[in-house]
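**Student:** Sharing model_32.cif (mmCIF, C-alpha atoms) below.
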```cif
data_work
loop_
_atom_site.label_atom_id
_atom_site.label_comp_id
_atom_site.auth_asym_id
_atom_site.auth_seq_id
_atom_site.Cartn_x
_atom_site.Cartn_y
_atom_site.Cartn_z
CA MET X 1 0.00 0.00 0.00
CA LYS X 2 2.96 2.36 0.56
CA LYS X 3 3.73 2.04 -3.16
CA THR X 4 0.13 2.98 -4.01
CA VAL X 5 0.29 6.10 -1.84
CA VAL X 6 3.58 7.17 -3.39
CA LEU X 7 2.22 6.69 -6.90
CA LEU X 8 -0.89 8.71 -6.07
CA PHE X 9 1.20 11.81 -5.44
CA LEU X 10 3.59 11.20 -8.30
CA PHE X 11 0.68 11.12 -10.73
CA GLN X 12 -0.48 14.44 -9.37
CA LEU X 13 3.00 15.59 -10.29
CA LEU X 14 2.44 14.58 -13.90
CA LEU X 15 -1.08 15.63 -14.54
CA SER X 16 -1.43 18.97 -12.96
CA CYS X 17 -2.72 21.59 -15.40
CA LYS X 18 -3.29 25.29 -15.43
CA GLY X 19 -6.77 26.69 -14.80
CA TRP X 20 -8.11 29.74 -16.62
CA ASN X 21 -9.97 32.12 -14.34
CA ASN X 22 -8.83 32.07 -10.74
CA ASN X 23 -5.91 31.17 -8.53
CA ASN X 24 -7.68 28.17 -7.08
CA ALA X 25 -7.95 26.59 -10.50
CA TYR X 26 -4.29 27.38 -11.10
CA ALA X 27 -3.29 25.75 -7.83
CA GLN X 28 -5.24 22.60 -8.64
CA GLN X 29 -3.74 22.27 -12.11
CA PRO X 30 -0.50 24.09 -12.67
CA GLU X 31 0.56 23.34 -16.30
CA LEU X 32 -1.83 22.23 -19.04
CA ASN X 33 -3.06 24.36 -21.94
CA GLY X 34 -6.35 24.84 -23.77
CA CYS X 35 -9.97 24.52 -22.61
CA LEU X 36 -9.53 21.09 -21.18
CA LYS X 37 -12.65 18.97 -20.68
CA LYS X 38 -11.17 15.60 -19.75
CA ALA X 39 -7.73 14.09 -19.25
CA ILE X 40 -6.93 10.38 -19.01
CA ILE X 41 -3.48 9.33 -17.82
CA TYR X 42 -2.05 5.84 -17.78
CA ALA X 43 1.05 4.79 -15.87
CA CYS X 44 2.81 1.89 -17.56
CA PRO X 45 5.84 0.29 -15.92
CA VAL X 46 8.98 -0.31 -17.93
CA LEU X 47 8.73 -4.00 -18.77
CA LYS X 48 11.20 -6.75 -17.98
CA TYR X 49 14.55 -6.40 -19.78
CA GLY X 50 13.99 -2.63 -20.03
CA ILE X 51 11.36 -2.70 -22.77
CA ILE X 52 9.64 0.70 -22.90
CA PRO X 53 5.83 0.43 -23.31
CA THR X 54 4.23 2.18 -26.28
CA ASP X 55 0.58 1.41 -25.43
CA THR X 56 -1.62 1.06 -22.34
CA ASN X 57 -2.03 -2.73 -22.40
CA HIS X 58 -0.07 -3.22 -19.18
CA TYR X 59 -0.91 -0.07 -17.23
CA THR X 60 -0.83 -0.18 -13.44
CA THR X 61 -2.65 3.11 -12.84
CA ARG X 62 -5.35 5.02 -14.70
CA ILE X 63 -6.49 8.49 -13.65
CA ILE X 64 -9.46 10.25 -15.28
CA LYS X 65 -9.98 13.95 -14.56
CA THR X 66 -12.90 16.09 -15.76
CA TYR X 67 -13.09 19.90 -15.76
CA ASP X 68 -15.64 22.64 -16.27
CA SER X 69 -15.13 25.25 -19.00
CA LEU X 70 -13.37 27.61 -16.55
CA GLY X 71 -10.67 25.10 -15.67
CA ASN X 72 -12.07 23.97 -12.33
CA LEU X 73 -11.51 20.31 -11.57
CA LEU X 74 -14.87 18.50 -11.21
CA GLU X 75 -13.99 14.86 -10.60
CA GLU X 76 -11.01 12.58 -10.42
CA ASN X 77 -11.26 8.80 -10.66
CA SER X 78 -8.10 6.84 -9.87
CA PHE X 79 -7.65 3.12 -10.51
CA TYR X 80 -4.57 1.25 -9.25
CA ASN X 81 -3.63 -2.33 -10.09
CA LEU X 82 -0.49 -3.05 -8.10
CA ASN X 83 0.96 -6.20 -6.56
CA SER X 84 -2.17 -8.25 -7.38
CA SER X 85 -4.26 -5.71 -5.48
CA THR X 86 -6.84 -3.40 -7.08
CA THR X 87 -7.78 -0.05 -5.59
CA GLU X 88 -10.26 2.50 -6.98
CA HIS X 89 -10.58 5.97 -5.52
CA ILE X 90 -12.88 8.87 -6.49
CA THR X 91 -12.71 12.57 -5.61
CA THR X 92 -15.59 14.97 -6.33
CA TYR X 93 -15.13 18.77 -6.26
CA SER X 94 -17.69 21.53 -5.74
CA GLY X 95 -17.83 25.30 -5.25
CA THR X 96 -16.44 28.17 -7.32
CA GLY X 97 -13.45 30.48 -7.20
CA LYS X 98 -11.46 30.10 -4.01
CA TYR X 99 -14.45 28.66 -2.19
CA ARG X 100 -13.87 25.06 -3.15
CA THR X 101 -14.45 21.79 -1.30
CA PHE X 102 -14.03 18.16 -2.26
CA THR X 103 -14.98 14.73 -0.99
CA GLU X 104 -13.07 11.52 -1.53
CA ARG X 105 -13.79 7.86 -0.95
CA TYR X 106 -12.52 4.44 -1.92
CA LEU X 107 -14.77 2.37 -4.18
CA SER X 108 -12.64 -0.75 -3.76
CA GLY X 109 -9.42 -1.88 -2.15
CA PHE X 110 -10.29 -0.70 1.36
CA GLU X 111 -12.90 -1.85 3.82
CA ASN X 112 -13.34 1.71 5.07
CA LYS X 113 -15.30 3.46 2.30
CA LYS X 114 -16.30 6.45 4.43
CA GLU X 115 -16.35 9.77 2.59
CA ARG X 116 -13.78 12.34 3.66
CA THR X 117 -14.40 16.04 3.06
CA TYR X 118 -11.87 18.85 2.64
CA LYS X 119 -11.94 22.58 1.92
CA TYR X 120 -9.51 25.12 0.49
CA VAL X 121 -8.58 28.07 2.71
CA TRP X 122 -6.51 30.86 1.13
CA SER X 123 -4.39 33.29 3.18
CA ASP X 124 -3.32 35.25 0.06
CA ASP X 125 -2.88 34.66 -3.68
CA TYR X 126 0.16 32.43 -3.17
CA HIS X 127 -0.61 30.42 -0.03
CA PHE X 128 -3.46 28.06 0.75
CA LYS X 129 -4.39 25.17 3.02
CA ILE X 130 -6.48 22.08 2.37
CA ILE X 131 -8.24 21.37 5.65
CA PRO X 132 -10.03 18.09 6.48
CA ALA X 133 -13.45 18.08 8.14
CA ASP X 134 -12.15 15.24 10.30
CA PRO X 135 -9.60 16.80 12.71
CA SER X 136 -7.60 13.54 12.73
CA GLY X 137 -6.93 13.83 8.97
CA LEU X 138 -3.91 15.31 7.24
CA MET X 139 -3.89 19.06 6.50
CA LEU X 140 -1.98 20.29 3.44
CA VAL X 141 -0.22 23.67 3.39
CA SER X 142 0.92 24.84 -0.06
CA GLU X 143 2.96 27.71 -1.47
CA LEU X 144 2.80 28.91 -5.10
CA ASP X 145 5.36 30.74 -7.21
CA LYS X 146 4.58 33.89 -9.21
CA ASP X 147 3.23 31.71 -12.05
CA PHE X 148 0.82 30.00 -9.60
CA ARG X 149 2.66 26.69 -9.69
CA ILE X 150 2.96 24.80 -6.43
CA ILE X 151 6.56 24.87 -5.20
CA LYS X 152 6.09 23.39 -1.74
CA THR X 153 3.43 21.34 0.06
CA THR X 154 3.60 20.31 3.71
CA TYR X 155 1.40 17.50 5.04
CA LYS X 156 0.61 17.97 8.72
CA ASN X 157 -1.21 15.92 11.31
CA GLY X 158 -1.95 18.38 14.09
CA ASP X 159 1.38 20.11 14.76
CA THR X 160 3.43 17.20 13.41
CA ILE X 161 4.88 17.49 9.91
CA ARG X 162 4.53 14.12 8.18
CA ILE X 163 5.63 14.86 4.61
CA ILE X 164 7.22 17.78 2.75
CA ASP X 165 7.07 17.93 -1.05
CA SER X 166 9.29 20.36 -2.97
CA PHE X 167 8.68 20.97 -6.68
CA ALA X 168 10.86 22.29 -9.51
CA TYR X 169 9.77 22.93 -13.11
CA VAL X 170 11.29 23.35 -16.55
CA VAL X 171 8.76 25.19 -18.73
CA LYS X 172 9.51 26.59 -22.21
CA ASP X 173 7.02 28.35 -24.48
CA ASN X 174 4.22 27.45 -22.08
CA LYS X 175 5.06 23.74 -22.33
CA LEU X 176 6.01 21.53 -19.40
CA TYR X 177 9.28 19.81 -20.29
CA GLU X 178 10.33 18.56 -16.89
CA LYS X 179 9.02 18.44 -13.34
CA THR X 180 10.84 17.22 -10.24
CA ILE X 181 9.40 16.31 -6.88
CA LYS X 182 11.49 15.75 -3.77
CA ARG X 183 9.46 14.10 -1.02
CA THR X 184 10.79 14.07 2.55
CA ILE X 185 8.94 11.63 4.83
CA ASN X 186 9.14 11.99 8.60
CA GLU X 187 9.64 8.52 10.07
CA GLY X 188 10.33 9.58 13.64
CA ASP X 189 14.07 9.40 14.28
CA THR X 190 14.86 9.32 10.58
CA LYS X 191 13.71 10.98 7.37
CA ARG X 192 13.25 9.13 4.10
CA ILE X 193 13.61 10.95 0.76
CA ILE X 194 11.87 9.95 -2.47
CA LEU X 195 12.88 11.69 -5.69
CA ASN X 196 11.01 11.58 -8.99
CA VAL X 197 11.68 13.37 -12.27
CA ALA X 198 9.04 13.43 -15.03
CA VAL X 199 10.35 14.34 -18.50
CA THR X 200 8.00 15.02 -21.42
CA GLN X 201 8.82 13.18 -24.65
CA GLU X 202 5.89 14.23 -26.88
CA PHE X 203 3.17 16.93 -26.88
CA ASP X 204 -0.29 17.18 -28.43
CA PRO X 205 -1.24 20.15 -30.72
CA TYR X 206 -2.14 22.24 -27.64
CA GLY X 207 1.29 21.72 -26.13
CA ASN X 208 0.17 19.23 -23.49
CA PRO X 209 2.35 16.20 -22.66
CA THR X 210 1.15 12.94 -24.20
CA ILE X 211 4.19 10.80 -23.42
CA SER X 212 6.36 11.34 -20.34
CA TYR X 213 9.12 9.29 -18.74
CA SER X 214 9.35 8.93 -14.97
CA TYR X 215 12.77 8.52 -13.36
CA ASP X 216 13.75 7.72 -9.77
CA ASP X 217 17.06 9.57 -9.81
CA PRO X 218 18.20 13.14 -10.58
CA ASP X 219 20.50 11.96 -13.39
CA LYS X 220 17.50 10.40 -15.19
CA GLN X 221 19.13 7.00 -15.58
CA LYS X 222 16.61 4.84 -13.69
CA LEU X 223 13.53 4.85 -15.92
CA LYS X 224 10.62 3.29 -13.99
CA ASP X 225 7.36 4.23 -15.69
CA VAL X 226 5.96 5.77 -18.85
CA PHE X 227 2.94 8.08 -18.59
CA LEU X 228 0.59 8.09 -21.61
CA ALA X 229 -2.08 10.80 -21.69
CA VAL X 230 -5.05 11.66 -23.90
CA TYR X 231 -7.13 14.85 -23.70
CA GLU X 232 -10.58 16.08 -24.67
CA TYR X 233 -11.23 19.81 -25.08
CA TYR X 234 -14.16 22.21 -25.05
CA GLN X 235 -14.75 24.03 -28.32
CA GLU X 236 -12.24 26.86 -28.66
CA ALA X 237 -14.74 29.29 -30.19
CA ALA X 238 -16.89 29.18 -27.07
CA HIS X 239 -13.99 30.05 -24.78
CA PRO X 240 -12.09 33.17 -25.84
CA GLY X 241 -9.94 33.02 -22.71
CA THR X 242 -8.18 29.85 -23.86
CA ARG X 243 -4.43 30.02 -23.96
#
```
Starting from the coordinates I provided, produce the structure as structure tokens.
**Tutor:**
Amino acid sequence: MKKTVVLLFLFQLLLSCKGWNNNNAYAQQPELNGCLKKAIIYACPVLKYGIIPTDTNHYTTRIIKTYDSLGNLLEENSFYNLNSSTTEHITTYSGTGKYRTFTERYLSGFENKKERTYKYVWSDDYHFKIIPADPSGLMLVSELDKDFRIIKTTYKNGDTIRIIDSFAYVVKDNKLYEKTIKRTINEGDTKRIILNVAVTQEFDPYGNPTISYSYDDPDKQKLKDVFLAVYEYYQEAAHPGTR
């Protein structure tokens, strides 16, 4: 299950996209272009003997995200098939602008299918918290850069810091070429560090990544997974604010 949790956050690394009308939408999705309606991302492990997958036949994770025409995330459905165990998780968003909430629950893979509710609380345009309704849950504290991309997220349980994620981006001509996440996990007397680098290999006509390679080392020698993505867009003519 630890592997599933790690993958969950690493896929957020890959498929975060930029919203179009408010900072909250930007914070949810920091990089994609166009009036995005739906995004489907598959994580496919590099096969035995180092064979790089070119299709989704052997994917281990599928994430489907849907958006409204303003760039607000509406729903995210995540399906994991790891170590002979299947987990399906769904998150539903509501509200507008900065006044956003979401609920999440497991459809399979866990006996506890209780819904958990969270809300966004902004202190200014570059800092926000995601606060759980259940006080025993994790609270997220995030900081954005001047382009509204998340550069740091701290996961706290009460006053105890459990996880710190630091993000770095390589963006050229409004295209995401590379994104790095450094995760520091508090394990009591020790801290464990997980590093992941996602490098885009191909883009669609809107400049969104369709093929990306995921590495477990800063030198990008240990290729672990290939992300394959497909997108559906709202009609451009109906949305003059599209980038």
**Student:** Convert the output of the PyMOL selection byres ((chain X and resi 196) around 8) on the shown file into explicit residues, formatted as a list in words.
**Tutor:**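 Evaluating the PyMOL selection byres ((chain X and resi 196) around 8) on these coordinates yields Leu10, Thr180, Ile181, Lys182, Ile194, Leu195, Val197, Ala198, Ser214, Tyr215, Asp216, Asp217 and Pro218 of chain X.
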**Student:** Would you mind listing what lies within 8 Å of Asp225 of chain X as a PyMOL selection string, with only C-alpha atoms counted and same-chain residues fewer than 2 positions away left out?
**Tutor:** chain X and resi 43-46+213-215+223+227
**Student:** So how far away is atom CA of Tyr93 of chain X from atom CA of Lys37 of chain X, in Å?
**Tutor:** 14.6 Å
**Student:** Residues picked by the PyMOL selection byres ((chain X and resi 57) around 12) here, as a PyMOL selection string?
**Tutor:** chain X and resi 42-45+47+53-56+58-62+228
**Student:** What is the distance, in Å and to one decimal place, between atom CA of Asn72 of chain X and atom CA of Thr96 of chain X?
**Tutor:**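 Going from atom CA of Asn72 of chain X over to atom CA of Thr96 of chain X, I get 7.9 Å.
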**Student:** Could you state the separation of atom CA of Asp124 of chain X and atom CA of Met139 of chain X in Å, given to one decimal place?
**Tutor:**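 Atom CA of Met139 of chain X lies 17.4 Å from atom CA of Asp124 of chain X.
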**Student:** Would you kindly return, as an mmCIF file with C-alpha atoms, in the frame of the given file, each protein, DNA or RNA residue with an atom no farther than 8 Å from any atom of His127 of chain X, considering all atoms listed in the file and excluding same-chain residues fewer than 6 positions away?
**Tutor:**
```
data_model
loop_
_atom_site.group_PDB
_atom_site.id
_atom_site.type_symbol
_atom_site.label_atom_id
_atom_site.label_comp_id
_atom_site.auth_asym_id
_atom_site.auth_seq_id
_atom_site.Cartn_x
_atom_site.Cartn_y
_atom_site.Cartn_z
ATOM 1 C CA VAL X 141 -0.220 23.670 3.390
ATOM 2 C CA SER X 142 0.920 24.840 -0.060
ATOM 3 C CA GLU X 143 2.960 27.710 -1.470
ATOM 4 C CA LEU X 144 2.800 28.910 -5.100
#
```
**Student:** Given all atoms listed in the file as the basis, pick out the residue of X:Val171, X:Gly71, X:Asn77, X:Asn186 nearest to Val199 of chain X.
**Tutor:** X:Val171
**Student:** When the PyMOL selection byres ((chain X and resi 160-170) around 9) is applied to the structure above, which residues does it catch, written out as a VMD selection string?
**Tutor:** chain X and resid 13 138 149 to 159 171 to 172 175 to 187
**Student:** Up to 12 Å from (-3.6, 10.8, -29.3) in the file's coordinates: name the residues, counting all atoms listed in the file, as a PyMOL selection string.
**Tutor:** chain X and resi 39-41+55+202-206+208-211+228-232
**Student:** Rank nothing, just name the residue among X:Lys222, X:Lys113, X:Lys65, X:Lys146 nearest to Thr87 of chain X, using only C-alpha atoms.
**Tutor:**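 So, comparing all the options, the nearest one is X:Lys113.
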**Student:** Here is a test: counting all atoms listed in the file, which residue of X:Tyr67, X:Ile131, X:Asp145, X:Thr91 is nearest to Phe79 of chain X?
**Tutor:**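 Using all atoms listed in the file, Phe79 of chain X sits closest to X:Thr91.
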**Student:** Of the candidates X:Asp147, X:Asp189, X:Asp219, X:Glu75, which one gets nearest to Thr101 of chain X if we count only C-alpha atoms?
**Tutor:**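 For Thr101 of chain X, the nearest of the candidates is X:Glu75.
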**Student:** Excluding same-chain residues fewer than 5 positions from Arg116 of chain X, what lies within 10 Å of it counting only C-alpha atoms, as a PyMOL selection string?
**Tutor:** chain X and resi 91+102-106+132-134+137
**Student:** Of the candidates X:Gly109, X:Gly207, X:Gly34, X:Gly97, which one gets nearest to Asp125 of chain X if we count all atoms listed in the file?
**Tutor:**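 Among X:Gly109, X:Gly207, X:Gly34, X:Gly97, it is X:Gly97 that comes nearest to Asp125 of chain X.
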**Student:** From the set X:Leu74, X:Ile52, X:Val121, X:Ile90, which residue has the shortest atom-to-atom contact distance to Ser108 of chain X, counting all atoms listed in the file?
**Tutor:** X:Ile90
**Student:** Quick one: everything within 6 Å of Ser78 of chain X, counting all atoms listed in the file, minus sequence neighbours fewer than 4 positions away in the same chain. Send it as a PyMOL selection string.
**Tutor:** chain X and resi 62-63+88-89
**Student:** Please produce a file of the residues just selected, as a PDB file, in the frame of the given file, where the atoms kept are C-alpha atoms.
**Tutor:**
```
ATOM      1  CA  ARG X  62      -5.350   5.020 -14.700  1.00  0.00           C
ATOM      2  CA  ILE X  63      -6.490   8.490 -13.650  1.00  0.00           C
ATOM      3  CA  GLU X  88     -10.260   2.500  -6.980  1.00  0.00           C
ATOM      4  CA  HIS X  89     -10.580   5.970  -5.520  1.00  0.00           C
TER       5      HIS X  89
END
```
**Student:** Please, can segment 208-242 of chain X be completed to N, CA and C atoms and returned as an mmCIF file, in the coordinates of the input?
**Tutor:**
```cif
data_model
loop_
_atom_site.group_PDB
_atom_site.id
_atom_site.type_symbol
_atom_site.label_atom_id
_atom_site.label_comp_id
_atom_site.auth_asym_id
_atom_site.auth_seq_id
_atom_site.Cartn_x
_atom_site.Cartn_y
_atom_site.Cartn_z
ATOM 1 N N ASN X 208 0.288 20.025 -24.703
ATOM 2 C CA ASN X 208 0.170 19.230 -23.490
ATOM 3 C C ASN X 208 0.899 17.902 -23.635
ATOM 4 N N PRO X 209 1.544 17.423 -22.565
ATOM 5 C CA PRO X 209 2.350 16.200 -22.660
ATOM 6 C C PRO X 209 1.501 14.958 -22.896
ATOM 7 N N THR X 210 1.844 14.191 -23.916
ATOM 8 C CA THR X 210 1.150 12.940 -24.200
ATOM 9 C C THR X 210 1.983 11.719 -23.818
ATOM 10 N N ILE X 211 3.294 11.862 -23.847
ATOM 11 C CA ILE X 211 4.190 10.800 -23.420
ATOM 12 C C ILE X 211 5.238 11.410 -22.495
ATOM 13 N N SER X 212 5.369 10.862 -21.300
ATOM 14 C CA SER X 212 6.360 11.340 -20.340
ATOM 15 C C SER X 212 7.050 10.156 -19.689
ATOM 16 N N TYR X 213 8.327 10.327 -19.413
ATOM 17 C CA TYR X 213 9.120 9.290 -18.740
ATOM 18 C C TYR X 213 9.318 9.678 -17.283
ATOM 19 N N SER X 214 9.202 8.701 -16.406
ATOM 20 C CA SER X 214 9.350 8.930 -14.970
ATOM 21 C C SER X 214 10.609 8.238 -14.469
ATOM 22 N N TYR X 215 11.498 9.034 -13.847
ATOM 23 C CA TYR X 215 12.770 8.520 -13.360
ATOM 24 C C TYR X 215 12.827 8.628 -11.828
ATOM 25 N N ASP X 216 13.601 7.723 -11.225
ATOM 26 C CA ASP X 216 13.750 7.720 -9.770
ATOM 27 C C ASP X 216 15.067 8.319 -9.309
ATOM 28 N N ASP X 217 15.774 8.991 -10.212
ATOM 29 C CA ASP X 217 17.060 9.570 -9.810
ATOM 30 C C ASP X 217 17.264 10.885 -10.550
ATOM 31 N N PRO X 218 18.026 11.814 -9.962
ATOM 32 C CA PRO X 218 18.200 13.140 -10.580
ATOM 33 C C PRO X 218 18.948 13.099 -11.901
ATOM 34 N N ASP X 219 19.745 12.073 -12.132
ATOM 35 C CA ASP X 219 20.500 11.960 -13.390
ATOM 36 C C ASP X 219 19.681 11.346 -14.514
ATOM 37 N N LYS X 220 18.443 10.945 -14.197
ATOM 38 C CA LYS X 220 17.500 10.400 -15.190
ATOM 39 C C LYS X 220 18.078 9.168 -15.895
ATOM 40 N N GLN X 221 18.611 8.263 -15.070
ATOM 41 C CA GLN X 221 19.130 7.000 -15.580
ATOM 42 C C GLN X 221 18.220 5.819 -15.232
ATOM 43 N N LYS X 222 17.440 5.939 -14.172
ATOM 44 C CA LYS X 222 16.610 4.840 -13.690
ATOM 45 C C LYS X 222 15.160 5.051 -14.138
ATOM 46 N N LEU X 223 14.880 4.697 -15.378
ATOM 47 C CA LEU X 223 13.530 4.850 -15.920
ATOM 48 C C LEU X 223 12.621 3.778 -15.318
ATOM 49 N N LYS X 224 11.519 4.216 -14.694
ATOM 50 C CA LYS X 224 10.620 3.290 -13.990
ATOM 51 C C LYS X 224 9.270 3.151 -14.679
ATOM 52 N N ASP X 225 8.710 4.262 -15.123
ATOM 53 C CA ASP X 225 7.360 4.230 -15.690
ATOM 54 C C ASP X 225 7.271 5.174 -16.879
ATOM 55 N N VAL X 226 6.313 4.872 -17.743
ATOM 56 C CA VAL X 226 5.960 5.770 -18.850
ATOM 57 C C VAL X 226 4.519 6.220 -18.627
ATOM 58 N N PHE X 227 4.277 7.527 -18.698
ATOM 59 C CA PHE X 227 2.940 8.080 -18.590
ATOM 60 C C PHE X 227 2.409 8.381 -19.993
ATOM 61 N N LEU X 228 1.255 7.829 -20.337
ATOM 62 C CA LEU X 228 0.590 8.090 -21.610
ATOM 63 C C LEU X 228 -0.698 8.826 -21.324
ATOM 64 N N ALA X 229 -0.917 9.956 -21.988
ATOM 65 C CA ALA X 229 -2.080 10.800 -21.690
ATOM 66 C C ALA X 229 -2.850 11.143 -22.955
ATOM 67 N N VAL X 230 -4.175 11.194 -22.820
ATOM 68 C CA VAL X 230 -5.050 11.660 -23.900
ATOM 69 C C VAL X 230 -5.971 12.729 -23.314
ATOM 70 N N TYR X 231 -6.364 13.694 -24.163
ATOM 71 C CA TYR X 231 -7.130 14.850 -23.700
ATOM 72 C C TYR X 231 -8.353 15.085 -24.585
ATOM 73 N N GLU X 232 -9.382 15.634 -23.957
ATOM 74 C CA GLU X 232 -10.580 16.080 -24.670
ATOM 75 C C GLU X 232 -10.802 17.538 -24.294
ATOM 76 N N TYR X 233 -11.148 18.370 -25.300
ATOM 77 C CA TYR X 233 -11.230 19.810 -25.080
ATOM 78 C C TYR X 233 -12.643 20.340 -25.351
ATOM 79 N N TYR X 234 -12.975 21.453 -24.676
ATOM 80 C CA TYR X 234 -14.160 22.210 -25.050
ATOM 81 C C TYR X 234 -13.881 22.924 -26.366
ATOM 82 N N GLN X 235 -14.929 23.335 -27.063
ATOM 83 C CA GLN X 235 -14.750 24.030 -28.320
ATOM 84 C C GLN X 235 -14.064 25.364 -28.078
ATOM 85 N N GLU X 236 -13.013 25.634 -28.846
ATOM 86 C CA GLU X 236 -12.240 26.860 -28.660
ATOM 87 C C GLU X 236 -13.075 28.106 -28.871
ATOM 88 N N ALA X 237 -13.980 28.089 -29.858
ATOM 89 C CA ALA X 237 -14.740 29.290 -30.190
ATOM 90 C C ALA X 237 -15.609 29.754 -29.034
ATOM 91 N N ALA X 238 -16.014 28.827 -28.181
ATOM 92 C CA ALA X 238 -16.890 29.180 -27.070
ATOM 93 C C ALA X 238 -16.125 29.703 -25.878
ATOM 94 N N HIS X 239 -14.794 29.681 -25.940
ATOM 95 C CA HIS X 239 -13.990 30.050 -24.780
ATOM 96 C C HIS X 239 -12.856 30.957 -25.187
ATOM 97 N N PRO X 240 -13.117 32.257 -25.349
ATOM 98 C CA PRO X 240 -12.090 33.170 -25.840
ATOM 99 C C PRO X 240 -10.900 33.309 -24.910
ATOM 100 N N GLY X 241 -11.039 32.899 -23.655
ATOM 101 C CA GLY X 241 -9.940 33.020 -22.710
ATOM 102 C C GLY X 241 -8.917 31.920 -22.826
ATOM 103 N N THR X 242 -9.105 30.974 -23.734
ATOM 104 C CA THR X 242 -8.180 29.850 -23.860
ATOM 105 C C THR X 242 -6.790 30.321 -24.232
#
```
